[in-house]
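The next block holds one structure in the form of structure tokens; read it before the comments.
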Amino acid sequence: MQNVLIVGGGKGGTSLLKLLLQSDSFKVIGMIDYNEWAEGVLLAQKERIPTGGEWSSFLTEAVDIVIDTTGDESVFQKIRAKKHDHTVLIPGTVAFIIASLLEDKEELIDTLQQESYKQELIFNATHDGMIAIDEKGIVTLLNESAEHMTNLKAKDVVGKHIHKTMPSSELIETLHTRRVDKDQKFTLDNGRNIITSRVPLVDEKGHLYGAFSIFKDVTDVAQLAEELTNVKELQTMLQAIIQSSEEAISVVDEKGHGILINKAYTKMTGLKEEDVIGLPATADISEGESMHMKVLKTRRPVRRVRMKVGPHKRDVFVNVAPIIVDGILKGSVGVIHDVSEITELTNALKRARQIIRTLEAKYAFEDIIGSSEAFMLSIQQAKLAAKTPATVLLRGESGTGKELFAHAIHNESDRKYNKFVRVNCAAIPESLLESELFGYEEGAFSGAKRGGKRGLFEEAHNGSIFLDEIGELSANTQAKLLRVLQDSEIIRVGSTVPKPIDVRVIAATNVNLERGITEGKIREDLYYRLSQIPIQIPPLRDRKKDIKELCDHLIRKINADYGRNVEGITGRTLAYLQSYDWPGNVRELENVLGRAIIYMEMNEQLIDVEHIPTLERKKKGAPNNEKKVATDKSLAVLLEEHEKKILDQALAENKGSRTKTAKQLGISIRSFYYKLEKYQL
């Protein structure tokens with residue numbers, strides 16, 4: 001037996017509690033709701049189930065299943081974070097579907113009860129006496145006309161053997177012989193003469209489950225004309241019942257031609273009577289096989305067969321059963337259930353989950369590999385920053401793991417259950433960056449969507465936004481970003497109305513922002529706003545003792561990606577890797593290991609030096625043939641002159657191709673164009 005904890009005592013929680021109380025496989029050990037008068041709490045107290053307003057104290061190792069019916073995403077995430085590994089957490093969406101299904105079940109039971117009541121009315125409305133017995137001779141039906149003719153009451157007869165109240169009845173003989181007797185004269189125990197017909201009740205498999213007798217007092221022959229009217233009224237009533245049903249119903253005759261549909265059928269399929277009545281059963285099918293024709297061939301019912309019907313190809317489930325009278329097949333009746341809406345909701349839910357997954361932070365501090373002193377200092381700073389709402393500026397060379405730190409800071413913060421939006425400021429064209437970040441109003445520019453569009457800052461409301469390559473922002477965008485940091489509000493493109501937002505900004509850059517300030521590229525006030533908590537991430541060359549740990553982690557990752565089973569690196573390989581300065585940092589190390597594993601034999605388990613591609617390095621002890629630089633110039637001027645020479649040389653090597661040159665130098669194409677303009681190359 002599995003222990004179940006229900007969080008939420010509302011409608012969904014109450015329905016699930018009722019369902020679980022009927023099961024021997026589950027034991028409800030707690031009902032949680034802050035409202036002590038909630039329906040589910042009161043029911044649980046009645047059943048002597050522990051209740052409370054706080055779920056955490058109930059979430060012990062003894063709990064096997066937690067069902068969250070609150071509909072509150074934050075509650076769901078908190079439970080998921082605290083639950084034990086073996087505990088299964090079922091979200092509120094599933095509980096809602098189950099509750100809806102239970103409601104449908106209760107409605108169906110009510111409908112069946114109403115139908116049963118209507119059938120009872122029908123049986124009692126006829127002037128013919130009716131008696132039915134089961135296979136053991138126990139009376140199961142005695143209608144009002146039969147009561148009047150036999151001078152017996154149904155309450156004294158139903159449930160007893162027929163010979164105890166009607167010793168002369170021949171229904172028992174009908175059970176034994178399975179013979180149909182029509183229009184037989186018979187005298188009741190009270191002396192009344194009747195005309196009766198007796199038939200055995202046999203299902204489609206030939207199993208006998210009772211017998212039925214319908215009889216008429218011959219003294220009532222004068223009332224036959226009136227009874228004929230009653231039959232017509234009965235037919236009208238049956239038609240009304242079918243037409244009033246919310247279930248779509250279609251009926252065909254023994255040849256498979258349509259003879260009856262109701263309004264619900266027309267509403268669901270879009271087909272009218274002239275499209276179905278008198279036509280083959282395949283007339284309404286868009287995709288799939290006709291279940292009416294299958295049932296007519298096999299004389300067996302079918303259930304929950306999926307197909308598409310009508311001109312709009314409505315997705316449905318169908319249940320079809322044969323109509324057999326006196327052992328003769330008269331046709332079949334089908335009940336159609338619409339599943340198009342459920343399918344649409346399911347697909348919408350899948351799309352929503354895909355969107356949510358793209359807005360979640362993937363990594364935590366446990367995923368950041370390294371134990372060197374400088375690196376641990378950066379991690380400690382990041383953990384402290386995560387507990388505050390302050391803006392964080394991650395600084396470090398390309399490939400050092402700035403985005404990894406951004407993910408971890410968000411996951412460690414109070415905003416971890418809200419969105420984490422990532423933006424590469426250099427990857428979005430300048431003409432689109434402002435509208436992407438801050439959104440736009442309808443008609444703000446040509447091609448703007450009707451109703452406008454939310455920007456990435458609005459998407460990240462109550463969460464975090466990671467602005468990578470922050471140094472690539474234009475002056476206009478910098479001004480708008482400064483407004484966000486100062487006033488916690490944004491203004492959409494094409495609007496003058498500010499919108500308040502609550503967003504935690506995490507920025508990252510691999511460029512010298514201080515130099516950008518002196519050159520007029522970076523606003524000084526923005527720089528100080530971004531640098532509330534600056535975190536410098538050391539390059540790999542300054543933490544080479546982490547290389548062994550990084551290699552083990554990266555090899556496991558590459559094994560999973562490439563389907564390999566490499567165990568690690570040799571001691572020679574480790575020494576070789578530690579002798580290199582890694583200008584591309586961890587990203588370059590992963591690239592080198594990936595290439596090594598690709599070219600290894602499938603039976604090789606350890607990466608040796610010969611597997612490693614040649615690493616370009618400055619040889620120790622090599623003569624220094626470099627020319628001395630002039631010292632009469634400032635460092636900034638010397639750096640610019642050297643940068644200009646490198647750009648000019650790289651352009652020549654790539655035959656003037658700007659895209660290839662930018663890729664070779666490892667900078668964005670936007671930054672490359674800026675430098676070309678700056679140095680007039």
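Residue numbering restarts at 1 in every chain; chains get A, B, ... in the order shown in the structure tokens, and ligands count up from 1 in that same order.
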
Taking 5 positions as the minimum chain separation for residues in the same chain, which residues sit within 9 Å of Phe365 of chain A when counting only C-alpha atoms? Answer as a count of residues only.
9

Filtered DSSP result for segment 245-378 of chain A, state strand (DSSP E or B), as a compact mmCIF listing (two decimals) with all heavy atoms, in the first residue's frame:
# COMPACT_ATOMS: atom_id res chain seq x y z
N ALA A 248 -23.53 12.23 -28.94
CA ALA A 248 -23.85 12.09 -30.36
C ALA A 248 -24.17 10.63 -30.66
O ALA A 248 -23.39 9.74 -30.35
CB ALA A 248 -22.67 12.56 -31.20
N ILE A 249 -25.35 10.40 -31.27
CA ILE A 249 -25.83 9.03 -31.52
C ILE A 249 -26.16 8.87 -32.99
O ILE A 249 -26.77 9.75 -33.61
CB ILE A 249 -27.08 8.73 -30.67
CG1 ILE A 249 -26.74 8.83 -29.17
CG2 ILE A 249 -27.64 7.35 -30.99
CD1 ILE A 249 -27.95 8.72 -28.27
N SER A 250 -25.73 7.74 -33.55
CA SER A 250 -26.14 7.40 -34.91
C SER A 250 -26.57 5.94 -34.93
O SER A 250 -25.99 5.09 -34.26
CB SER A 250 -25.00 7.61 -35.91
OG SER A 250 -24.01 6.61 -35.78
N VAL A 251 -27.64 5.66 -35.71
CA VAL A 251 -28.20 4.30 -35.80
C VAL A 251 -28.31 3.92 -37.27
O VAL A 251 -28.71 4.74 -38.11
CB VAL A 251 -29.60 4.23 -35.13
CG1 VAL A 251 -30.13 2.81 -35.14
CG2 VAL A 251 -29.53 4.76 -33.70
N VAL A 252 -27.92 2.67 -37.58
CA VAL A 252 -28.05 2.16 -38.95
C VAL A 252 -28.89 0.88 -38.91
O VAL A 252 -29.02 0.24 -37.86
CB VAL A 252 -26.68 1.86 -39.59
CG1 VAL A 252 -25.82 3.12 -39.63
CG2 VAL A 252 -25.94 0.75 -38.85
N ASP A 253 -29.47 0.54 -40.06
CA ASP A 253 -30.25 -0.70 -40.13
C ASP A 253 -29.34 -1.89 -40.41
O ASP A 253 -28.11 -1.75 -40.46
CB ASP A 253 -31.36 -0.57 -41.18
CG ASP A 253 -30.82 -0.31 -42.58
OD1 ASP A 253 -29.61 -0.59 -42.82
OD2 ASP A 253 -31.58 0.17 -43.43
N HIS A 257 -27.37 1.12 -43.56
CA HIS A 257 -27.83 2.42 -44.02
C HIS A 257 -28.33 3.24 -42.83
O HIS A 257 -29.03 2.71 -41.95
CB HIS A 257 -28.96 2.28 -45.05
CG HIS A 257 -28.49 1.65 -46.32
ND1 HIS A 257 -29.27 0.80 -47.07
CD2 HIS A 257 -27.30 1.72 -46.97
CE1 HIS A 257 -28.61 0.40 -48.13
NE2 HIS A 257 -27.40 0.94 -48.08
N GLY A 258 -28.00 4.52 -42.81
CA GLY A 258 -28.37 5.38 -41.70
C GLY A 258 -29.87 5.53 -41.56
O GLY A 258 -30.57 5.78 -42.56
N ILE A 259 -30.38 5.38 -40.32
CA ILE A 259 -31.83 5.54 -40.09
C ILE A 259 -32.12 6.57 -39.02
O ILE A 259 -33.26 7.03 -38.90
CB ILE A 259 -32.49 4.19 -39.72
CG1 ILE A 259 -31.84 3.61 -38.45
CG2 ILE A 259 -32.42 3.21 -40.87
CD1 ILE A 259 -32.54 2.35 -37.95
N LEU A 260 -31.10 6.97 -38.21
CA LEU A 260 -31.38 7.92 -37.15
C LEU A 260 -30.08 8.60 -36.70
O LEU A 260 -29.06 7.94 -36.51
CB LEU A 260 -32.03 7.21 -35.95
CG LEU A 260 -32.27 8.07 -34.69
CD1 LEU A 260 -33.29 9.16 -34.98
CD2 LEU A 260 -32.72 7.19 -33.52
N ILE A 261 -30.13 9.92 -36.54
CA ILE A 261 -29.07 10.68 -35.87
C ILE A 261 -29.74 11.72 -34.99
O ILE A 261 -30.91 12.07 -35.21
CB ILE A 261 -28.11 11.37 -36.87
CG1 ILE A 261 -28.88 12.37 -37.74
CG2 ILE A 261 -27.33 10.38 -37.68
CD1 ILE A 261 -27.98 13.23 -38.62
N ILE A 277 -28.96 9.95 -43.46
CA ILE A 277 -30.11 9.05 -43.50
C ILE A 277 -30.25 8.42 -44.89
O ILE A 277 -30.26 9.12 -45.91
CB ILE A 277 -31.41 9.77 -43.11
CG1 ILE A 277 -31.27 10.42 -41.73
CG2 ILE A 277 -32.59 8.81 -43.14
CD1 ILE A 277 -30.93 9.46 -40.64
N PRO A 280 -24.98 4.82 -46.95
CA PRO A 280 -24.13 3.82 -46.27
C PRO A 280 -23.46 4.41 -45.03
O PRO A 280 -23.25 5.62 -44.92
CB PRO A 280 -23.11 3.44 -47.34
CG PRO A 280 -23.76 3.78 -48.63
CD PRO A 280 -24.61 4.97 -48.38
N ILE A 285 -17.59 9.15 -42.47
CA ILE A 285 -16.21 8.89 -42.03
C ILE A 285 -15.22 9.60 -42.93
O ILE A 285 -15.26 9.47 -44.16
CB ILE A 285 -15.93 7.38 -42.01
CG1 ILE A 285 -16.87 6.69 -41.03
CG2 ILE A 285 -14.47 7.11 -41.64
CD1 ILE A 285 -16.75 5.20 -41.02
N SER A 286 -14.32 10.39 -42.31
CA SER A 286 -13.24 11.06 -43.06
C SER A 286 -11.99 10.20 -43.08
O SER A 286 -11.30 10.10 -44.09
CB SER A 286 -12.92 12.42 -42.43
OG SER A 286 -14.05 13.24 -42.41
N GLU A 287 -11.67 9.60 -41.94
CA GLU A 287 -10.50 8.73 -41.82
C GLU A 287 -10.85 7.58 -40.90
O GLU A 287 -11.39 7.78 -39.81
CB GLU A 287 -9.29 9.48 -41.25
CG GLU A 287 -8.72 10.54 -42.16
CD GLU A 287 -7.52 11.25 -41.55
OE1 GLU A 287 -6.93 10.70 -40.59
OE2 GLU A 287 -7.20 12.34 -42.02
N VAL A 302 -17.97 -2.88 -30.22
CA VAL A 302 -16.61 -2.35 -30.19
C VAL A 302 -16.62 -1.09 -29.33
O VAL A 302 -17.63 -0.39 -29.25
CB VAL A 302 -16.08 -2.01 -31.61
CG1 VAL A 302 -15.97 -3.25 -32.45
CG2 VAL A 302 -16.99 -0.99 -32.29
N ARG A 303 -15.47 -0.83 -28.68
CA ARG A 303 -15.40 0.32 -27.78
C ARG A 303 -14.13 1.12 -28.04
O ARG A 303 -13.08 0.56 -28.35
CB ARG A 303 -15.42 -0.14 -26.31
CG ARG A 303 -16.75 -0.73 -25.88
CD ARG A 303 -16.73 -1.06 -24.38
NE ARG A 303 -16.40 0.10 -23.57
CZ ARG A 303 -17.26 1.04 -23.25
NH1 ARG A 303 -18.52 0.98 -23.67
NH2 ARG A 303 -16.89 2.07 -22.50
N ARG A 304 -14.26 2.45 -27.87
CA ARG A 304 -13.14 3.40 -27.90
C ARG A 304 -12.25 3.22 -29.14
O ARG A 304 -11.03 3.12 -29.05
CB ARG A 304 -12.29 3.28 -26.63
CG ARG A 304 -13.04 3.76 -25.40
CD ARG A 304 -12.15 3.81 -24.18
NE ARG A 304 -11.08 4.78 -24.34
CZ ARG A 304 -11.21 6.08 -24.17
NH1 ARG A 304 -12.39 6.59 -23.85
NH2 ARG A 304 -10.19 6.89 -24.31
N VAL A 305 -12.89 3.19 -30.29
CA VAL A 305 -12.15 3.16 -31.55
C VAL A 305 -12.00 4.59 -32.04
O VAL A 305 -12.98 5.34 -32.13
CB VAL A 305 -12.87 2.30 -32.60
CG1 VAL A 305 -12.10 2.34 -33.93
CG2 VAL A 305 -13.01 0.87 -32.10
N ARG A 306 -10.78 4.98 -32.37
CA ARG A 306 -10.52 6.37 -32.76
C ARG A 306 -10.64 6.53 -34.27
O ARG A 306 -10.14 5.69 -35.03
CB ARG A 306 -9.12 6.79 -32.30
CG ARG A 306 -8.90 8.29 -32.34
CD ARG A 306 -7.70 8.67 -31.52
NE ARG A 306 -7.53 10.11 -31.46
CZ ARG A 306 -6.68 10.73 -30.67
NH1 ARG A 306 -5.91 10.01 -29.86
NH2 ARG A 306 -6.58 12.04 -30.66
N MET A 307 -11.27 7.60 -34.70
CA MET A 307 -11.41 7.90 -36.12
C MET A 307 -11.73 9.38 -36.29
O MET A 307 -11.88 10.12 -35.31
CB MET A 307 -12.51 7.03 -36.75
CG MET A 307 -13.88 7.26 -36.18
SD MET A 307 -15.17 6.34 -37.05
CE MET A 307 -14.57 4.68 -36.89
N LYS A 308 -11.84 9.80 -37.55
CA LYS A 308 -12.21 11.18 -37.84
C LYS A 308 -13.48 11.18 -38.67
O LYS A 308 -13.60 10.40 -39.63
CB LYS A 308 -11.08 11.90 -38.58
CG LYS A 308 -9.84 12.09 -37.71
CD LYS A 308 -8.76 12.91 -38.39
CE LYS A 308 -7.58 13.11 -37.46
NZ LYS A 308 -6.51 13.93 -38.08
N VAL A 309 -14.43 12.06 -38.30
CA VAL A 309 -15.73 12.06 -38.96
C VAL A 309 -16.07 13.46 -39.43
O VAL A 309 -15.58 14.47 -38.89
CB VAL A 309 -16.83 11.54 -38.00
CG1 VAL A 309 -16.57 10.11 -37.58
CG2 VAL A 309 -16.95 12.43 -36.78
N ARG A 314 -13.44 15.81 -37.56
CA ARG A 314 -13.46 15.88 -36.10
C ARG A 314 -12.90 14.59 -35.52
O ARG A 314 -13.31 13.48 -35.88
CB ARG A 314 -14.89 16.12 -35.60
CG ARG A 314 -15.03 16.25 -34.10
CD ARG A 314 -14.30 17.47 -33.57
NE ARG A 314 -14.82 18.70 -34.09
CZ ARG A 314 -15.80 19.39 -33.52
NH1 ARG A 314 -16.34 18.96 -32.41
NH2 ARG A 314 -16.21 20.52 -34.06
N ASP A 315 -11.96 14.71 -34.61
CA ASP A 315 -11.30 13.57 -33.98
C ASP A 315 -12.21 13.03 -32.88
O ASP A 315 -12.58 13.75 -31.96
CB ASP A 315 -9.95 14.01 -33.40
CG ASP A 315 -9.04 12.85 -33.10
OD1 ASP A 315 -9.40 11.71 -33.47
OD2 ASP A 315 -7.97 13.06 -32.50
N VAL A 316 -12.59 11.74 -32.98
CA VAL A 316 -13.57 11.17 -32.05
C VAL A 316 -13.19 9.76 -31.63
O VAL A 316 -12.39 9.08 -32.28
CB VAL A 316 -14.99 11.14 -32.68
CG1 VAL A 316 -15.48 12.52 -33.02
CG2 VAL A 316 -15.02 10.22 -33.90
N PHE A 317 -13.81 9.31 -30.49
CA PHE A 317 -13.86 7.91 -30.11
C PHE A 317 -15.29 7.43 -30.33
O PHE A 317 -16.24 8.18 -30.04
CB PHE A 317 -13.50 7.72 -28.63
CG PHE A 317 -12.03 7.78 -28.34
CD1 PHE A 317 -11.54 8.67 -27.40
CD2 PHE A 317 -11.15 6.96 -29.00
CE1 PHE A 317 -10.19 8.74 -27.12
CE2 PHE A 317 -9.80 7.01 -28.73
CZ PHE A 317 -9.31 7.91 -27.79
N VAL A 318 -15.45 6.20 -30.80
CA VAL A 318 -16.79 5.67 -31.01
C VAL A 318 -16.97 4.35 -30.27
O VAL A 318 -16.05 3.53 -30.19
CB VAL A 318 -17.10 5.47 -32.52
CG1 VAL A 318 -17.05 6.78 -33.26
CG2 VAL A 318 -16.16 4.47 -33.15
N ASN A 319 -18.18 4.18 -29.70
CA ASN A 319 -18.62 2.91 -29.13
C ASN A 319 -19.83 2.46 -29.94
O ASN A 319 -20.79 3.22 -30.08
CB ASN A 319 -19.01 3.06 -27.66
CG ASN A 319 -17.84 3.52 -26.81
OD1 ASN A 319 -16.70 3.19 -27.09
ND2 ASN A 319 -18.13 4.28 -25.76
N VAL A 320 -19.78 1.25 -30.47
CA VAL A 320 -20.86 0.76 -31.33
C VAL A 320 -21.29 -0.61 -30.84
O VAL A 320 -20.44 -1.46 -30.52
CB VAL A 320 -20.43 0.68 -32.81
CG1 VAL A 320 -21.60 0.24 -33.68
CG2 VAL A 320 -19.88 2.02 -33.28
N ALA A 321 -22.63 -0.85 -30.78
CA ALA A 321 -23.17 -2.13 -30.33
C ALA A 321 -24.24 -2.59 -31.31
O ALA A 321 -24.95 -1.76 -31.90
CB ALA A 321 -23.75 -2.00 -28.92
N PRO A 322 -24.40 -3.92 -31.49
CA PRO A 322 -25.44 -4.42 -32.40
C PRO A 322 -26.83 -4.32 -31.76
O PRO A 322 -26.97 -4.35 -30.53
CB PRO A 322 -25.03 -5.89 -32.59
CG PRO A 322 -24.31 -6.24 -31.34
CD PRO A 322 -23.60 -4.99 -30.89
N ILE A 323 -27.86 -4.22 -32.62
CA ILE A 323 -29.26 -4.24 -32.16
C ILE A 323 -29.84 -5.58 -32.58
O ILE A 323 -30.02 -5.85 -33.78
CB ILE A 323 -30.07 -3.09 -32.78
CG1 ILE A 323 -29.44 -1.74 -32.41
CG2 ILE A 323 -31.51 -3.14 -32.31
CD1 ILE A 323 -30.07 -0.57 -33.15
N ILE A 324 -30.09 -6.45 -31.60
CA ILE A 324 -30.57 -7.80 -31.88
C ILE A 324 -31.94 -7.97 -31.23
O ILE A 324 -32.08 -7.79 -30.01
CB ILE A 324 -29.59 -8.86 -31.36
CG1 ILE A 324 -28.23 -8.68 -32.03
CG2 ILE A 324 -30.12 -10.27 -31.58
CD1 ILE A 324 -27.16 -9.61 -31.49
N VAL A 325 -32.95 -8.31 -32.02
CA VAL A 325 -34.31 -8.52 -31.55
C VAL A 325 -34.74 -9.93 -31.91
O VAL A 325 -34.71 -10.31 -33.09
CB VAL A 325 -35.29 -7.48 -32.15
CG1 VAL A 325 -36.70 -7.73 -31.62
CG2 VAL A 325 -34.83 -6.07 -31.85
N ILE A 328 -32.54 -11.81 -34.03
CA ILE A 328 -32.36 -11.32 -35.40
C ILE A 328 -31.66 -9.96 -35.35
O ILE A 328 -32.06 -9.07 -34.60
CB ILE A 328 -33.71 -11.19 -36.13
CG1 ILE A 328 -34.40 -12.55 -36.19
CG2 ILE A 328 -33.51 -10.63 -37.54
CD1 ILE A 328 -35.80 -12.50 -36.77
N LEU A 329 -30.59 -9.79 -36.13
CA LEU A 329 -29.86 -8.53 -36.19
C LEU A 329 -30.69 -7.48 -36.91
O LEU A 329 -31.07 -7.66 -38.07
CB LEU A 329 -28.52 -8.74 -36.92
CG LEU A 329 -27.59 -7.52 -37.01
CD1 LEU A 329 -27.08 -7.14 -35.63
CD2 LEU A 329 -26.43 -7.81 -37.95
N LYS A 330 -30.97 -6.39 -36.23
CA LYS A 330 -31.79 -5.34 -36.80
C LYS A 330 -30.98 -4.10 -37.18
O LYS A 330 -31.51 -3.21 -37.84
CB LYS A 330 -32.88 -4.93 -35.80
CG LYS A 330 -33.91 -6.01 -35.54
CD LYS A 330 -34.73 -6.31 -36.80
CE LYS A 330 -35.83 -7.30 -36.51
NZ LYS A 330 -36.66 -7.56 -37.73
N GLY A 331 -29.73 -4.02 -36.74
CA GLY A 331 -28.91 -2.85 -37.03
C GLY A 331 -27.86 -2.66 -35.95
O GLY A 331 -27.52 -3.59 -35.22
N SER A 332 -27.37 -1.44 -35.83
CA SER A 332 -26.40 -1.13 -34.78
C SER A 332 -26.53 0.34 -34.38
O SER A 332 -27.00 1.17 -35.16
CB SER A 332 -24.96 -1.42 -35.25
OG SER A 332 -24.59 -0.55 -36.30
N VAL A 333 -26.13 0.63 -33.16
CA VAL A 333 -26.20 1.99 -32.63
C VAL A 333 -24.80 2.40 -32.18
O VAL A 333 -24.08 1.62 -31.56
CB VAL A 333 -27.21 2.09 -31.46
CG1 VAL A 333 -26.86 1.12 -30.34
CG2 VAL A 333 -27.27 3.52 -30.92
N GLY A 334 -24.42 3.62 -32.52
CA GLY A 334 -23.10 4.13 -32.16
C GLY A 334 -23.20 5.40 -31.34
O GLY A 334 -24.04 6.25 -31.60
N VAL A 335 -22.35 5.50 -30.33
CA VAL A 335 -22.24 6.71 -29.50
C VAL A 335 -20.85 7.30 -29.74
O VAL A 335 -19.84 6.60 -29.63
CB VAL A 335 -22.44 6.40 -28.01
CG1 VAL A 335 -22.31 7.67 -27.18
CG2 VAL A 335 -23.80 5.76 -27.79
N ILE A 336 -20.80 8.59 -30.07
CA ILE A 336 -19.56 9.24 -30.49
C ILE A 336 -19.12 10.25 -29.42
O ILE A 336 -19.93 11.06 -28.96
CB ILE A 336 -19.76 9.95 -31.84
CG1 ILE A 336 -20.28 8.95 -32.88
CG2 ILE A 336 -18.46 10.58 -32.33
CD1 ILE A 336 -20.72 9.59 -34.17
N HIS A 337 -17.83 10.19 -29.06
CA HIS A 337 -17.27 11.11 -28.07
C HIS A 337 -16.18 11.96 -28.73
O HIS A 337 -15.26 11.42 -29.35
CB HIS A 337 -16.66 10.33 -26.89
CG HIS A 337 -17.63 9.43 -26.20
ND1 HIS A 337 -18.50 9.86 -25.24
CD2 HIS A 337 -17.89 8.10 -26.38
CE1 HIS A 337 -19.23 8.85 -24.82
NE2 HIS A 337 -18.89 7.77 -25.50
N ASP A 338 -16.29 13.26 -28.56
CA ASP A 338 -15.34 14.18 -29.18
C ASP A 338 -14.05 14.24 -28.37
O ASP A 338 -14.07 14.46 -27.16
CB ASP A 338 -15.97 15.58 -29.26
CG ASP A 338 -15.09 16.57 -29.99
OD1 ASP A 338 -14.09 16.16 -30.61
OD2 ASP A 338 -15.41 17.76 -29.95

Suppose you want the space between atom CA of Ser531 of chain A and atom CA of Leu393 of chain A; what is it in Å?
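Interatomic distance here is 5.5 Å.
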
What's around segment 577-590 of chain A at 10 Å? Count only C-alpha atoms, leave out sequence neighbours fewer than 3 positions away in its own chain, and write the answer as a JSON list (two decimals) with C-alpha atoms, in the first residue's frame.
[["chain", "number", "residue", "atom", "x", "y", "z"],
["A", 397, "GLU", "CA", 37.94, 35.69, -20.92],
["A", 398, "SER", "CA", 35.89, 33.83, -23.49],
["A", 399, "GLY", "CA", 35.34, 30.22, -22.47],
["A", 400, "THR", "CA", 35.85, 30.64, -18.72],
["A", 401, "GLY", "CA", 32.24, 29.75, -17.85],
["A", 538, "PRO", "CA", 40.03, 33.37, -13.60],
["A", 539, "PRO", "CA", 41.28, 31.91, -16.90],
["A", 540, "LEU", "CA", 42.29, 28.26, -17.09],
["A", 541, "ARG", "CA", 46.00, 29.11, -17.23],
["A", 542, "ASP", "CA", 45.71, 30.52, -13.69],
["A", 543, "ARG", "CA", 44.11, 27.36, -12.29],
["A", 544, "LYS", "CA", 45.88, 24.51, -14.05],
["A", 545, "LYS", "CA", 45.51, 22.20, -11.07],
["A", 546, "ASP", "CA", 41.78, 22.04, -11.98],
["A", 547, "ILE", "CA", 42.58, 20.48, -15.37],
["A", 548, "LYS", "CA", 42.44, 16.87, -14.06],
["A", 550, "LEU", "CA", 37.78, 19.25, -15.58],
["A", 551, "CYS", "CA", 39.01, 16.46, -17.87],
["A", 553, "HIS", "CA", 33.93, 15.85, -16.02],
["A", 554, "LEU", "CA", 34.24, 16.71, -19.72],
["A", 555, "ILE", "CA", 35.09, 13.12, -20.70],
["A", 557, "LYS", "CA", 29.92, 14.51, -20.91],
["A", 558, "ILE", "CA", 31.58, 13.65, -24.25],
["A", 571, "GLY", "CA", 49.64, 10.95, -16.37],
["A", 572, "ARG", "CA", 51.69, 12.00, -19.41],
["A", 573, "THR", "CA", 48.62, 13.56, -20.97],
["A", 574, "LEU", "CA", 47.83, 15.49, -17.80],
["A", 593, "LEU", "CA", 39.29, 16.30, -25.63],
["A", 594, "GLY", "CA", 36.37, 15.86, -28.03],
["A", 595, "ARG", "CA", 38.68, 15.63, -31.05],
["A", 596, "ALA", "CA", 40.95, 13.20, -29.19],
["A", 609, "VAL", "CA", 49.54, 12.25, -25.59],
["A", 612, "ILE", "CA", 45.90, 15.01, -28.34],
["A", 615, "LEU", "CA", 48.84, 22.55, -29.13],
["A", 616, "GLU", "CA", 50.40, 25.79, -30.38],
["A", 617, "ARG", "CA", 52.68, 27.09, -27.65],
["A", 618, "LYS", "CA", 55.72, 29.27, -27.05],
["A", 666, "GLY", "CA", 37.15, 34.86, -32.17]]

Residues of segment 364-423 of chain A that have any atom at most 12 Å from an atom of segment 57-81 of chain A: could you tabulate them with the shortest-distance atom pair and the distance in Å to one decimal, using only C-alpha atoms, ordered by chain and increasing number, as CSV?
residue,atom,partner,partner_atom,distance
A:Asn411,CA,A:Ala81,CA,11.5
A:Asp414,CA,A:Ser74,CA,11.0
A:Arg415,CA,A:Ser74,CA,10.2
A:Lys416,CA,A:Gln77,CA,9.3
A:Tyr417,CA,A:Ser74,CA,6.4
A:Asn418,CA,A:Ser74,CA,8.4
A:Lys419,CA,A:Ser74,CA,11.9

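Atom pair atom CA of Gly40 of chain A / atom CA of Val4 of chain A: separated by 14.2 Å.
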
May I have the residues within 8 Å of Lys453 of chain A as a PDB file with N, CA and C atoms, in the first residue's frame, using only C-alpha atoms and disregarding those fewer than 4 positions away in the same chain?
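Ended up saving to part39.pdb:
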ATOM      1  N   GLY A 439      10.487  45.236 -26.100  1.00  0.00           N
ATOM      2  CA  GLY A 439       9.189  45.046 -26.714  1.00  0.00           C
ATOM      3  C   GLY A 439       8.757  46.255 -27.523  1.00  0.00           C
ATOM      4  N   TYR A 440       7.590  46.145 -28.149  1.00  0.00           N
ATOM      5  CA  TYR A 440       7.095  47.256 -28.956  1.00  0.00           C
ATOM      6  C   TYR A 440       5.573  47.265 -28.963  1.00  0.00           C
ATOM      7  N   GLU A 441       5.020  48.422 -29.292  1.00  0.00           N
ATOM      8  CA  GLU A 441       3.572  48.585 -29.379  1.00  0.00           C
ATOM      9  C   GLU A 441       3.105  48.332 -30.811  1.00  0.00           C
ATOM     10  N   GLU A 442       1.827  48.092 -30.954  1.00  0.00           N
ATOM     11  CA  GLU A 442       1.256  47.891 -32.286  1.00  0.00           C
ATOM     12  C   GLU A 442       1.478  49.144 -33.141  1.00  0.00           C
ATOM     13  N   LYS A 449       3.826  43.257 -35.037  1.00  0.00           N
ATOM     14  CA  LYS A 449       2.686  42.380 -34.832  1.00  0.00           C
ATOM     15  C   LYS A 449       1.488  43.155 -34.297  1.00  0.00           C
TER      16      LYS A 449
END

Could you state the separation of atom CA of Arg515 of chain A and atom CA of Val637 of chain A in Å, given to one decimal place?
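Separation of atom CA of Arg515 of chain A and atom CA of Val637 of chain A: 11.7 Å.
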
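For the choices A:Leu142, A:Ala364, A:Ala406, A:Leu201, the atom-to-atom distance to Val180 of chain A is smallest for A:Leu201 when using only C-alpha atoms.
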
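Those residues that approach Glu519 of chain A to within 12 Å, counting only C-alpha atoms, are Asn512, Leu513, Glu514, Glu524, Ala636, Val637, Glu640 and Lys678 of chain A; same-chain residues fewer than 5 positions away are not listed.
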